[in-house]
Amino acid sequence: MTWDPIWEEIFRTHEWGKYPPEELIRFIARNYYRAPDHKAVRVLEVGCGAGANIWYLAREGFSATGVDGSTTAIERAGRRLAAERLSADLRVGDIAELGALFAPATFDAVIDVACLWCNRSAAIQTMVNQIYTVLKPGGRVFSMLLATGSYGEGTGTEIEPGTLVDIQEGPLRGRGLNHFFSLDEVRRVFGAFSDLKIEYTDRSMDGQQHVFRLWVVEGVKG
């Protein structure tokens with residue numbers, strides 16, 4: 001399976017990530033809130049973790065599907081949904097093999113919040129290609145990616161250009177493998193998508209001593 005097994009331990013020992021980021025809410029609201037039947041809108045989250053974004057999508061009435069490599073994460077997500085009598089399709093699986101889980105052109109949107117960046121460069125491109133395949137024509141991708149210059153870059157061991165392990169400082173400490181994306185790399189990785197929009201969001205830390213920057217990416221399958 002193409003993922004960092006450290007996340008199984010993280011999900012077993014940490015309680016966090018209960019609510020969706022504002023950037024994702026804006027993306028969903030702008031593109032899908034006006035749909036006459038929310039249940040007809042199919043949204044896949046890759047690397048859904050313990051289900052913060054799946055919970056939000058289900059509450060809003062969308063047909064939500066989540067895939068994660070961690071059995072613990074999927075179990076937690078299922079319990080949270082069940083506690084509120086919500087439902088979603090939750091699966092343990094490999095994001096690099098979405099085509100083995102879903103038919104081509106299945107989803108109206110595919111979202112990624114801090115999943116893709118936890119992989120090596122080659123695996124990331126494979127995953128994006130798989131996302132493209134399972135999207136319907138005209139379907140949309142949303143991704144939040146770790147940007148170069150973010151707090152923690154340079155404090156670990158670089159195993160390939162832009163990919164670090166054993167980061168020693170900041171919010172990525174103890175979070176396994178992380179890939180820092182340049183703007184040019186984001187454009188290249190998502191090059192198959194049209195109407196590509198790339199913005200960023202910054203969060204200062206420790207009295208403005210450090211900045212944690214994420215790219216916010218949207219694109220359309222032509």
# chains A, B, ... in the order shown; residues from 1 in each chain; ligands from 1
call {"tool": "residues_around", "arguments": {"residues": "region 107-113 of chain A", "least_positions_apart": "3", "cutoff": "6 Å", "atoms": "only C-alpha atoms", "output": "list in words"}}
result
Arg42, Val43, Leu44, Glu45, Val46, Leu135, Lys136, Gly139, Arg140, Val141, Phe142, Ser143 and Met144 of chain A
call {"tool": "write_last_selection", "arguments": {"atoms": "C-alpha atoms", "output": "CSV table (one decimal), in the first residue's frame"}}
result
chain,number,residue,atom,x,y,z
A,42,ARG,CA,-20.9,12.4,-5.3
A,43,VAL,CA,-17.8,13.5,-3.5
A,44,LEU,CA,-14.7,11.4,-2.8
A,45,GLU,CA,-12.2,12.3,-0.2
A,46,VAL,CA,-8.7,10.7,-0.5
A,135,LEU,CA,-13.7,12.1,-11.8
A,136,LYS,CA,-16.6,12.7,-14.2
A,139,GLY,CA,-15.8,17.1,-12.3
A,140,ARG,CA,-13.6,19.2,-9.9
A,141,VAL,CA,-10.6,18.5,-7.8
A,142,PHE,CA,-9.7,20.3,-4.6
A,143,SER,CA,-6.4,19.9,-2.8
A,144,MET,CA,-4.5,21.5,0.1
call {"tool": "residues_around", "arguments": {"residues": "Pro36 (chain A)", "least_positions_apart": "4", "cutoff": "12 Å", "atoms": "only C-alpha atoms", "output": "list of chain:residue names"}}
result
A:Tyr32, A:Ala40, A:Val41, A:Gly61, A:Phe62
call {"tool": "atom_distance", "arguments": {"atom1": "CA of Phe181 (chain A)", "atom2": "CA of Asp206 (chain A)"}}
result
23.0 Å
call {"tool": "closest_residue", "arguments": {"among": "A:Ile198, A:Leu177, A:Tyr132, A:Ile28", "to": "Val220 (chain A)", "atoms": "only C-alpha atoms"}}
result
A:Tyr132
call {"tool": "closest_residue", "arguments": {"among": "A:Ser63, A:Ser194, A:Thr148, A:Asn31", "to": "Ser87 (chain A)", "atoms": "only C-alpha atoms"}}
result
A:Ser63
call {"tool": "closest_residue", "arguments": {"among": "A:Gly156, A:Gly162, A:Gly207, A:Gly219", "to": "Gly174 (chain A)", "atoms": "only C-alpha atoms"}}
result
A:Gly156
call {"tool": "residues_around", "arguments": {"residues": "Gly222 (chain A)", "least_positions_apart": "5", "cutoff": "8 Å", "atoms": "only C-alpha atoms", "output": "ChimeraX atom specification"}}
result
/A:137-138,193-194
call {"tool": "closest_residue", "arguments": {"among": "A:Asn129, A:Pro171, A:Ser70, A:Val216", "to": "Glu22 (chain A)", "atoms": "only C-alpha atoms"}}
result
A:Val216
call {"tool": "residues_around", "arguments": {"residues": "Pro161 (chain A)", "least_positions_apart": "3", "cutoff": "9 Å", "atoms": "only C-alpha atoms", "output": "list of chain:residue names"}}
result
A:Ser121, A:Glu158, A:Leu164, A:His179, A:Phe180
call {"tool": "atom_distance", "arguments": {"atom1": "CA of Gly47 (chain A)", "atom2": "CA of Cys115 (chain A)"}}
result
5.1 Å
call {"tool": "residues_around", "arguments": {"residues": "Arg213 (chain A)", "least_positions_apart": "6", "cutoff": "7 Å", "atoms": "only C-alpha atoms", "output": "list in words"}}
result
Leu146, Ala147, Ser150, Tyr200, Thr201, Asp202 and Arg203 of chain A
call {"tool": "write_last_selection", "arguments": {"atoms": "all heavy atoms", "output": "JSON list (two decimals), in the first residue's frame"}}
result
[["chain", "number", "residue", "atom", "x", "y", "z"],
["A", 146, "LEU", "N", 1.22, 21.10, 1.09],
["A", 146, "LEU", "CA", 2.28, 21.74, 1.85],
["A", 146, "LEU", "C", 3.20, 22.52, 0.92],
["A", 146, "LEU", "O", 3.67, 21.98, -0.09],
["A", 146, "LEU", "CB", 3.06, 20.66, 2.60],
["A", 146, "LEU", "CG", 4.17, 21.06, 3.54],
["A", 146, "LEU", "CD1", 3.63, 21.93, 4.67],
["A", 146, "LEU", "CD2", 4.84, 19.81, 4.09],
["A", 147, "ALA", "N", 3.45, 23.78, 1.23],
["A", 147, "ALA", "CA", 4.25, 24.65, 0.35],
["A", 147, "ALA", "C", 5.70, 24.74, 0.82],
["A", 147, "ALA", "O", 6.00, 24.67, 2.02],
["A", 147, "ALA", "CB", 3.64, 26.05, 0.30],
["A", 150, "SER", "N", 7.45, 26.38, 4.28],
["A", 150, "SER", "CA", 6.66, 26.17, 5.48],
["A", 150, "SER", "C", 7.55, 25.73, 6.65],
["A", 150, "SER", "O", 8.59, 25.08, 6.46],
["A", 150, "SER", "CB", 5.57, 25.12, 5.25],
["A", 150, "SER", "OG", 4.54, 25.63, 4.45],
["A", 200, "TYR", "N", -2.97, 30.39, -1.91],
["A", 200, "TYR", "CA", -2.31, 29.86, -0.72],
["A", 200, "TYR", "C", -2.92, 30.47, 0.53],
["A", 200, "TYR", "O", -3.58, 31.51, 0.50],
["A", 200, "TYR", "CB", -0.80, 30.11, -0.75],
["A", 200, "TYR", "CG", -0.37, 31.56, -0.70],
["A", 200, "TYR", "CD1", -0.32, 32.25, 0.52],
["A", 200, "TYR", "CD2", -0.02, 32.24, -1.85],
["A", 200, "TYR", "CE1", 0.08, 33.58, 0.56],
["A", 200, "TYR", "CE2", 0.37, 33.56, -1.82],
["A", 200, "TYR", "CZ", 0.43, 34.23, -0.60],
["A", 200, "TYR", "OH", 0.81, 35.54, -0.56],
["A", 201, "THR", "N", -2.74, 29.76, 1.63],
["A", 201, "THR", "CA", -3.17, 30.25, 2.92],
["A", 201, "THR", "C", -1.99, 30.15, 3.89],
["A", 201, "THR", "O", -1.25, 29.15, 3.87],
["A", 201, "THR", "CB", -4.38, 29.45, 3.45],
["A", 201, "THR", "OG1", -4.77, 29.94, 4.72],
["A", 201, "THR", "CG2", -4.09, 27.97, 3.56],
["A", 202, "ASP", "N", -1.79, 31.17, 4.70],
["A", 202, "ASP", "CA", -0.69, 31.22, 5.65],
["A", 202, "ASP", "C", -1.20, 31.22, 7.08],
["A", 202, "ASP", "O", -2.25, 31.81, 7.38],
["A", 202, "ASP", "CB", 0.14, 32.50, 5.47],
["A", 202, "ASP", "CG", 1.08, 32.41, 4.28],
["A", 202, "ASP", "OD1", 1.27, 31.31, 3.74],
["A", 202, "ASP", "OD2", 1.63, 33.46, 3.89],
["A", 203, "ARG", "N", -0.46, 30.57, 7.97],
["A", 203, "ARG", "CA", -0.73, 30.65, 9.41],
["A", 203, "ARG", "C", 0.60, 30.91, 10.10],
["A", 203, "ARG", "O", 1.54, 30.14, 9.97],
["A", 203, "ARG", "CB", -1.33, 29.33, 9.90],
["A", 203, "ARG", "CG", -1.48, 29.24, 11.41],
["A", 203, "ARG", "CD", -2.44, 28.12, 11.78],
["A", 203, "ARG", "NE", -2.02, 26.83, 11.28],
["A", 203, "ARG", "CZ", -1.36, 25.90, 12.00],
["A", 203, "ARG", "NH1", -1.05, 26.15, 13.26],
["A", 203, "ARG", "NH2", -1.05, 24.74, 11.46]]
call {"tool": "residues_around", "arguments": {"residues": "region 50-57 of chain A", "least_positions_apart": "6", "cutoff": "10 Å", "atoms": "only C-alpha atoms", "output": "compact mmCIF listing (two decimals) with all heavy atoms, in the first residue's frame"}}
result
# COMPACT_ATOMS: atom_id res chain seq x y z
N PHE A 11 -3.29 7.78 14.32
CA PHE A 11 -4.74 7.72 14.51
C PHE A 11 -5.11 6.92 15.76
O PHE A 11 -6.15 7.18 16.37
CB PHE A 11 -5.42 7.13 13.28
CG PHE A 11 -5.48 8.08 12.12
CD1 PHE A 11 -4.92 7.73 10.89
CD2 PHE A 11 -6.08 9.32 12.24
CE1 PHE A 11 -4.97 8.60 9.81
CE2 PHE A 11 -6.13 10.19 11.17
CZ PHE A 11 -5.58 9.84 9.96
N GLU A 15 -6.20 12.36 19.18
CA GLU A 15 -7.59 12.74 18.96
C GLU A 15 -7.59 14.16 18.41
O GLU A 15 -7.38 15.13 19.13
CB GLU A 15 -8.38 12.69 20.27
CG GLU A 15 -9.86 12.96 20.12
CD GLU A 15 -10.61 11.84 19.42
OE1 GLU A 15 -10.23 10.68 19.62
OE2 GLU A 15 -11.56 12.14 18.67
N TRP A 16 -7.78 14.30 17.10
CA TRP A 16 -7.78 15.63 16.50
C TRP A 16 -8.45 15.56 15.14
O TRP A 16 -8.82 14.50 14.66
CB TRP A 16 -6.35 16.18 16.35
CG TRP A 16 -5.37 15.24 15.72
CD1 TRP A 16 -4.51 14.41 16.34
CD2 TRP A 16 -5.15 15.01 14.31
NE1 TRP A 16 -3.76 13.68 15.44
CE2 TRP A 16 -4.13 14.03 14.19
CE3 TRP A 16 -5.70 15.54 13.15
CZ2 TRP A 16 -3.67 13.58 12.96
CZ3 TRP A 16 -5.23 15.08 11.91
CH2 TRP A 16 -4.23 14.13 11.83
N GLY A 17 -8.60 16.71 14.53
CA GLY A 17 -9.14 16.75 13.18
C GLY A 17 -10.62 16.48 13.10
O GLY A 17 -11.06 15.62 12.33
N LYS A 18 -11.43 17.20 13.90
CA LYS A 18 -12.87 16.94 13.92
C LYS A 18 -13.67 17.84 12.99
O LYS A 18 -14.85 17.57 12.75
CB LYS A 18 -13.40 17.10 15.35
CG LYS A 18 -12.95 16.00 16.29
CD LYS A 18 -13.67 16.10 17.62
CE LYS A 18 -13.32 14.92 18.51
NZ LYS A 18 -14.05 14.98 19.80
N TYR A 19 -13.06 18.90 12.48
CA TYR A 19 -13.83 19.86 11.70
C TYR A 19 -13.11 20.20 10.39
O TYR A 19 -11.88 20.20 10.33
CB TYR A 19 -14.09 21.13 12.51
CG TYR A 19 -14.83 20.83 13.78
CD1 TYR A 19 -14.15 20.71 14.99
CD2 TYR A 19 -16.20 20.60 13.77
CE1 TYR A 19 -14.83 20.39 16.16
CE2 TYR A 19 -16.89 20.29 14.93
CZ TYR A 19 -16.19 20.19 16.12
OH TYR A 19 -16.87 19.86 17.27
N PRO A 20 -13.86 20.51 9.33
CA PRO A 20 -13.25 20.78 8.02
C PRO A 20 -12.61 22.16 7.98
O PRO A 20 -13.03 23.07 8.69
CB PRO A 20 -14.44 20.70 7.07
CG PRO A 20 -15.61 21.11 7.91
CD PRO A 20 -15.33 20.55 9.28
N PRO A 21 -11.62 22.35 7.12
CA PRO A 21 -11.03 23.67 6.96
C PRO A 21 -11.97 24.60 6.20
O PRO A 21 -12.78 24.16 5.37
CB PRO A 21 -9.76 23.40 6.15
CG PRO A 21 -10.06 22.16 5.39
CD PRO A 21 -10.94 21.33 6.29
N LEU A 24 -12.10 24.36 2.33
CA LEU A 24 -12.91 23.29 1.76
C LEU A 24 -14.39 23.66 1.78
O LEU A 24 -15.11 23.42 0.80
CB LEU A 24 -12.69 21.98 2.52
CG LEU A 24 -13.61 20.83 2.12
CD1 LEU A 24 -13.39 20.43 0.66
CD2 LEU A 24 -13.42 19.63 3.03
N ILE A 25 -14.85 24.22 2.88
CA ILE A 25 -16.25 24.63 2.97
C ILE A 25 -16.58 25.62 1.86
O ILE A 25 -17.64 25.52 1.21
CB ILE A 25 -16.55 25.23 4.35
CG1 ILE A 25 -16.40 24.16 5.44
CG2 ILE A 25 -17.96 25.83 4.39
CD1 ILE A 25 -16.48 24.70 6.85
N ILE A 28 -16.89 23.71 -1.54
CA ILE A 28 -18.14 22.96 -1.65
C ILE A 28 -19.32 23.91 -1.79
O ILE A 28 -20.20 23.70 -2.64
CB ILE A 28 -18.32 22.03 -0.43
CG1 ILE A 28 -17.23 20.94 -0.42
CG2 ILE A 28 -19.72 21.42 -0.42
CD1 ILE A 28 -17.30 19.97 -1.57
N HIS A 38 -28.70 17.55 -3.32
CA HIS A 38 -27.35 17.33 -2.80
C HIS A 38 -26.96 15.85 -2.83
O HIS A 38 -25.79 15.51 -3.04
CB HIS A 38 -27.23 17.86 -1.37
CG HIS A 38 -27.09 19.34 -1.30
ND1 HIS A 38 -26.68 20.01 -0.16
CD2 HIS A 38 -27.30 20.31 -2.24
CE1 HIS A 38 -26.65 21.30 -0.40
NE2 HIS A 38 -27.02 21.51 -1.64
N ARG A 42 -21.82 13.39 -5.90
CA ARG A 42 -20.93 12.39 -5.32
C ARG A 42 -19.55 12.98 -5.11
O ARG A 42 -18.91 13.47 -6.05
CB ARG A 42 -20.84 11.16 -6.21
CG ARG A 42 -22.17 10.48 -6.48
CD ARG A 42 -21.99 9.12 -7.13
NE ARG A 42 -21.28 8.20 -6.23
CZ ARG A 42 -20.96 6.95 -6.56
NH1 ARG A 42 -21.26 6.48 -7.77
NH2 ARG A 42 -20.33 6.16 -5.71
N VAL A 43 -19.09 12.96 -3.86
CA VAL A 43 -17.80 13.55 -3.50
C VAL A 43 -16.93 12.48 -2.84
O VAL A 43 -17.35 11.82 -1.88
CB VAL A 43 -17.98 14.73 -2.52
CG1 VAL A 43 -16.62 15.38 -2.23
CG2 VAL A 43 -18.95 15.76 -3.09
N LEU A 44 -15.72 12.32 -3.35
CA LEU A 44 -14.74 11.40 -2.80
C LEU A 44 -13.66 12.17 -2.08
O LEU A 44 -13.11 13.13 -2.63
CB LEU A 44 -14.12 10.56 -3.92
CG LEU A 44 -12.86 9.75 -3.55
CD1 LEU A 44 -13.19 8.64 -2.57
CD2 LEU A 44 -12.20 9.18 -4.82
N SER A 63 -23.55 12.85 -1.20
CA SER A 63 -23.15 11.45 -1.19
C SER A 63 -21.63 11.40 -1.02
O SER A 63 -20.89 11.65 -1.97
CB SER A 63 -23.57 10.76 -2.49
OG SER A 63 -24.97 10.63 -2.56
N ALA A 64 -21.20 11.08 0.19
CA ALA A 64 -19.78 11.17 0.53
C ALA A 64 -19.14 9.79 0.55
O ALA A 64 -19.71 8.83 1.08
CB ALA A 64 -19.61 11.84 1.89
N THR A 65 -17.93 9.73 -0.01
CA THR A 65 -17.12 8.51 0.01
C THR A 65 -15.75 8.87 0.53
O THR A 65 -15.17 9.88 0.12
CB THR A 65 -17.00 7.90 -1.39
OG1 THR A 65 -18.30 7.56 -1.89
CG2 THR A 65 -16.13 6.65 -1.37
N GLY A 66 -15.22 8.07 1.43
CA GLY A 66 -13.89 8.31 1.97
C GLY A 66 -13.01 7.09 1.88
O GLY A 66 -13.46 5.97 2.15
N VAL A 67 -11.75 7.31 1.49
CA VAL A 67 -10.77 6.22 1.42
C VAL A 67 -9.55 6.61 2.24
O VAL A 67 -9.08 7.75 2.16
CB VAL A 67 -10.34 5.96 -0.04
CG1 VAL A 67 -9.25 4.89 -0.09
CG2 VAL A 67 -11.53 5.53 -0.88
N ASP A 68 -9.05 5.68 3.03
CA ASP A 68 -7.83 5.92 3.80
C ASP A 68 -7.09 4.60 3.97
O ASP A 68 -7.71 3.52 3.98
CB ASP A 68 -8.15 6.51 5.17
CG ASP A 68 -6.96 7.23 5.78
OD1 ASP A 68 -6.06 6.55 6.33
OD2 ASP A 68 -6.91 8.48 5.70
N SER A 70 -5.55 3.75 6.67
CA SER A 70 -5.58 3.37 8.07
C SER A 70 -6.92 2.76 8.46
O SER A 70 -7.96 3.41 8.38
CB SER A 70 -5.31 4.60 8.95
OG SER A 70 -5.62 4.35 10.30
N THR A 71 -6.88 1.54 8.93
CA THR A 71 -8.09 0.88 9.42
C THR A 71 -8.65 1.62 10.62
O THR A 71 -9.87 1.81 10.75
CB THR A 71 -7.78 -0.58 9.81
OG1 THR A 71 -7.29 -1.27 8.66
CG2 THR A 71 -9.02 -1.29 10.32
N THR A 72 -7.78 2.07 11.51
CA THR A 72 -8.22 2.80 12.69
C THR A 72 -8.95 4.07 12.31
O THR A 72 -9.99 4.41 12.90
CB THR A 72 -7.01 3.14 13.59
OG1 THR A 72 -6.42 1.93 14.05
CG2 THR A 72 -7.43 3.97 14.79
N ALA A 73 -8.42 4.81 11.34
CA ALA A 73 -9.07 6.05 10.92
C ALA A 73 -10.46 5.79 10.36
O ALA A 73 -11.41 6.51 10.70
CB ALA A 73 -8.21 6.75 9.87
N ILE A 74 -10.58 4.77 9.53
CA ILE A 74 -11.89 4.45 8.94
C ILE A 74 -12.88 4.02 10.03
O ILE A 74 -14.06 4.40 10.01
CB ILE A 74 -11.75 3.36 7.87
CG1 ILE A 74 -10.97 3.91 6.65
CG2 ILE A 74 -13.10 2.82 7.45
CD1 ILE A 74 -11.68 5.04 5.92
N GLU A 75 -12.42 3.26 11.01
CA GLU A 75 -13.29 2.85 12.10
C GLU A 75 -13.76 4.06 12.91
O GLU A 75 -14.94 4.16 13.29
CB GLU A 75 -12.56 1.86 13.01
CG GLU A 75 -12.35 0.50 12.35
CD GLU A 75 -11.48 -0.42 13.19
OE1 GLU A 75 -10.89 0.07 14.19
OE2 GLU A 75 -11.39 -1.61 12.85
N ARG A 76 -12.87 4.99 13.17
CA ARG A 76 -13.24 6.21 13.91
C ARG A 76 -14.25 7.04 13.12
O ARG A 76 -15.22 7.56 13.69
CB ARG A 76 -11.99 7.05 14.20
CG ARG A 76 -11.17 6.54 15.36
CD ARG A 76 -10.18 7.60 15.81
NE ARG A 76 -9.50 7.20 17.01
CZ ARG A 76 -8.65 7.99 17.69
NH1 ARG A 76 -8.41 9.21 17.25
NH2 ARG A 76 -8.08 7.56 18.79
N ALA A 77 -14.01 7.17 11.83
CA ALA A 77 -14.93 7.93 11.00
C ALA A 77 -16.32 7.29 11.02
O ALA A 77 -17.34 7.98 11.13
CB ALA A 77 -14.40 8.01 9.57
N GLY A 78 -16.37 5.98 10.93
CA GLY A 78 -17.65 5.28 10.95
C GLY A 78 -18.40 5.48 12.25
O GLY A 78 -19.62 5.68 12.26
N ARG A 79 -17.67 5.43 13.37
CA ARG A 79 -18.32 5.64 14.67
C ARG A 79 -18.87 7.05 14.80
O ARG A 79 -19.97 7.26 15.34
CB ARG A 79 -17.33 5.34 15.80
CG ARG A 79 -17.02 3.86 15.97
CD ARG A 79 -16.36 3.59 17.31
NE ARG A 79 -15.06 4.25 17.45
CZ ARG A 79 -13.90 3.69 17.11
NH1 ARG A 79 -13.89 2.47 16.59
NH2 ARG A 79 -12.76 4.33 17.27
N ARG A 80 -18.13 8.02 14.30
CA ARG A 80 -18.61 9.40 14.40
C ARG A 80 -19.88 9.60 13.58
O ARG A 80 -20.83 10.23 14.03
CB ARG A 80 -17.53 10.37 13.92
CG ARG A 80 -17.95 11.82 14.11
CD ARG A 80 -16.90 12.80 13.68
NE ARG A 80 -17.33 14.16 14.01
CZ ARG A 80 -16.71 15.25 13.61
NH1 ARG A 80 -15.61 15.15 12.88
NH2 ARG A 80 -17.16 16.43 13.93
N LEU A 81 -19.90 9.07 12.38
CA LEU A 81 -21.09 9.19 11.55
C LEU A 81 -22.28 8.47 12.19
O LEU A 81 -23.39 9.00 12.24
CB LEU A 81 -20.82 8.61 10.17
CG LEU A 81 -19.82 9.37 9.29
CD1 LEU A 81 -19.54 8.58 8.03
CD2 LEU A 81 -20.32 10.76 8.94
N GLU A 84 -24.22 10.25 14.92
CA GLU A 84 -25.13 11.32 14.49
C GLU A 84 -26.12 10.85 13.42
O GLU A 84 -26.76 11.66 12.76
CB GLU A 84 -24.32 12.51 13.99
CG GLU A 84 -23.45 13.13 15.07
CD GLU A 84 -22.87 14.47 14.66
OE1 GLU A 84 -23.52 15.19 13.86
OE2 GLU A 84 -21.77 14.80 15.15
N LEU A 86 -25.59 9.61 10.53
CA LEU A 86 -25.18 10.02 9.20
C LEU A 86 -24.57 8.81 8.50
O LEU A 86 -24.15 7.85 9.14
CB LEU A 86 -24.16 11.16 9.26
CG LEU A 86 -24.62 12.45 9.93
CD1 LEU A 86 -23.45 13.40 10.13
CD2 LEU A 86 -25.71 13.12 9.10
N SER A 87 -24.50 8.88 7.18
CA SER A 87 -23.95 7.75 6.44
C SER A 87 -23.00 8.21 5.35
O SER A 87 -23.13 9.31 4.80
CB SER A 87 -25.08 6.92 5.81
OG SER A 87 -25.79 7.68 4.86
N ALA A 88 -22.02 7.36 5.06
CA ALA A 88 -21.07 7.58 3.98
C ALA A 88 -20.46 6.24 3.61
O ALA A 88 -20.51 5.28 4.40
CB ALA A 88 -19.98 8.57 4.40
N ASP A 89 -19.88 6.18 2.43
CA ASP A 89 -19.18 4.99 1.97
C ASP A 89 -17.72 5.12 2.39
O ASP A 89 -16.99 5.95 1.84
CB ASP A 89 -19.32 4.89 0.45
CG ASP A 89 -18.60 3.68 -0.13
OD1 ASP A 89 -18.05 2.87 0.64
OD2 ASP A 89 -18.58 3.55 -1.37
N LEU A 90 -17.30 4.34 3.38
CA LEU A 90 -15.94 4.42 3.92
C LEU A 90 -15.17 3.15 3.59
O LEU A 90 -15.68 2.04 3.82
CB LEU A 90 -15.98 4.62 5.43
CG LEU A 90 -16.70 5.88 5.93
CD1 LEU A 90 -16.78 5.87 7.45
CD2 LEU A 90 -15.99 7.14 5.44
N ILE A 111 -11.68 15.43 -3.25
CA ILE A 111 -11.01 16.39 -2.37
C ILE A 111 -9.84 15.72 -1.66
O ILE A 111 -9.85 14.53 -1.37
CB ILE A 111 -11.99 17.00 -1.34
CG1 ILE A 111 -12.56 15.92 -0.42
CG2 ILE A 111 -13.12 17.74 -2.06
CD1 ILE A 111 -13.40 16.48 0.73
N ASP A 112 -8.82 16.53 -1.40
CA ASP A 112 -7.62 16.10 -0.69
C ASP A 112 -7.24 17.19 0.29
O ASP A 112 -6.98 18.33 -0.11
CB ASP A 112 -6.47 15.86 -1.68
CG ASP A 112 -5.11 16.08 -1.05
OD1 ASP A 112 -4.84 15.44 -0.01
OD2 ASP A 112 -4.33 16.91 -1.57
N VAL A 113 -7.21 16.85 1.56
CA VAL A 113 -6.74 17.78 2.59
C VAL A 113 -5.62 17.08 3.36
O VAL A 113 -5.88 16.22 4.20
CB VAL A 113 -7.87 18.21 3.54
CG1 VAL A 113 -7.33 19.15 4.62
CG2 VAL A 113 -9.00 18.89 2.76
call {"tool": "residues_around", "arguments": {"residues": "Glu97 (chain A)", "least_positions_apart": "3", "cutoff": "8 Å", "atoms": "only C-alpha atoms", "output": "number ranges by chain"}}
result
A: 93-94, 100-101, 127, 130
call {"tool": "write_last_selection", "arguments": {"atoms": "N, CA, C and O atoms", "output": "CSV table (one decimal), in the first residue's frame"}}
result
chain,number,residue,atom,x,y,z
A,93,GLY,N,-8.2,1.6,1.7
A,93,GLY,CA,-7.7,1.4,0.4
A,93,GLY,C,-6.5,2.2,0.1
A,93,GLY,O,-6.1,3.1,0.8
A,94,ASP,N,-5.9,2.0,-1.1
A,94,ASP,CA,-4.7,2.7,-1.6
A,94,ASP,C,-5.1,3.8,-2.5
A,94,ASP,O,-5.7,3.5,-3.6
A,100,ALA,N,-9.0,0.6,-8.9
A,100,ALA,CA,-9.4,-0.7,-8.5
A,100,ALA,C,-10.6,-0.7,-7.5
A,100,ALA,O,-11.2,-1.7,-7.3
A,101,LEU,N,-10.9,0.5,-7.0
A,101,LEU,CA,-12.0,0.6,-6.1
A,101,LEU,C,-13.2,1.2,-6.7
A,101,LEU,O,-14.3,0.9,-6.3
A,127,MET,N,-1.2,9.3,-7.9
A,127,MET,CA,-2.5,9.5,-7.2
A,127,MET,C,-3.3,10.6,-7.9
A,127,MET,O,-4.6,10.4,-8.0
A,130,GLN,N,-4.9,9.1,-10.8
A,130,GLN,CA,-6.0,8.2,-10.5
A,130,GLN,C,-7.3,9.1,-10.1
A,130,GLN,O,-8.4,8.7,-10.5
call {"tool": "select_by_dssp", "arguments": {"residues": "region 50-136 of chain A", "states": "strand (DSSP E)", "output": "list in words"}}
result
Ser63, Ala64, Thr65, Gly66, Val67, Asp68, Asp89, Leu90, Arg91, Val92, Phe107, Asp108, Ala109, Val110, Ile111, Asp112, Val113, Leu135 and Lys136 of chain A
call {"tool": "select_by_dssp", "arguments": {"residues": "region 95-213 of chain A", "states": "alpha helix (DSSP H)", "output": "ChimeraX atom specification"}}
result
/A:121-134,183-189
call {"tool": "atom_distance", "arguments": {"atom1": "CA of Thr155 (chain A)", "atom2": "CA of Leu172 (chain A)"}}
result
10.2 Å
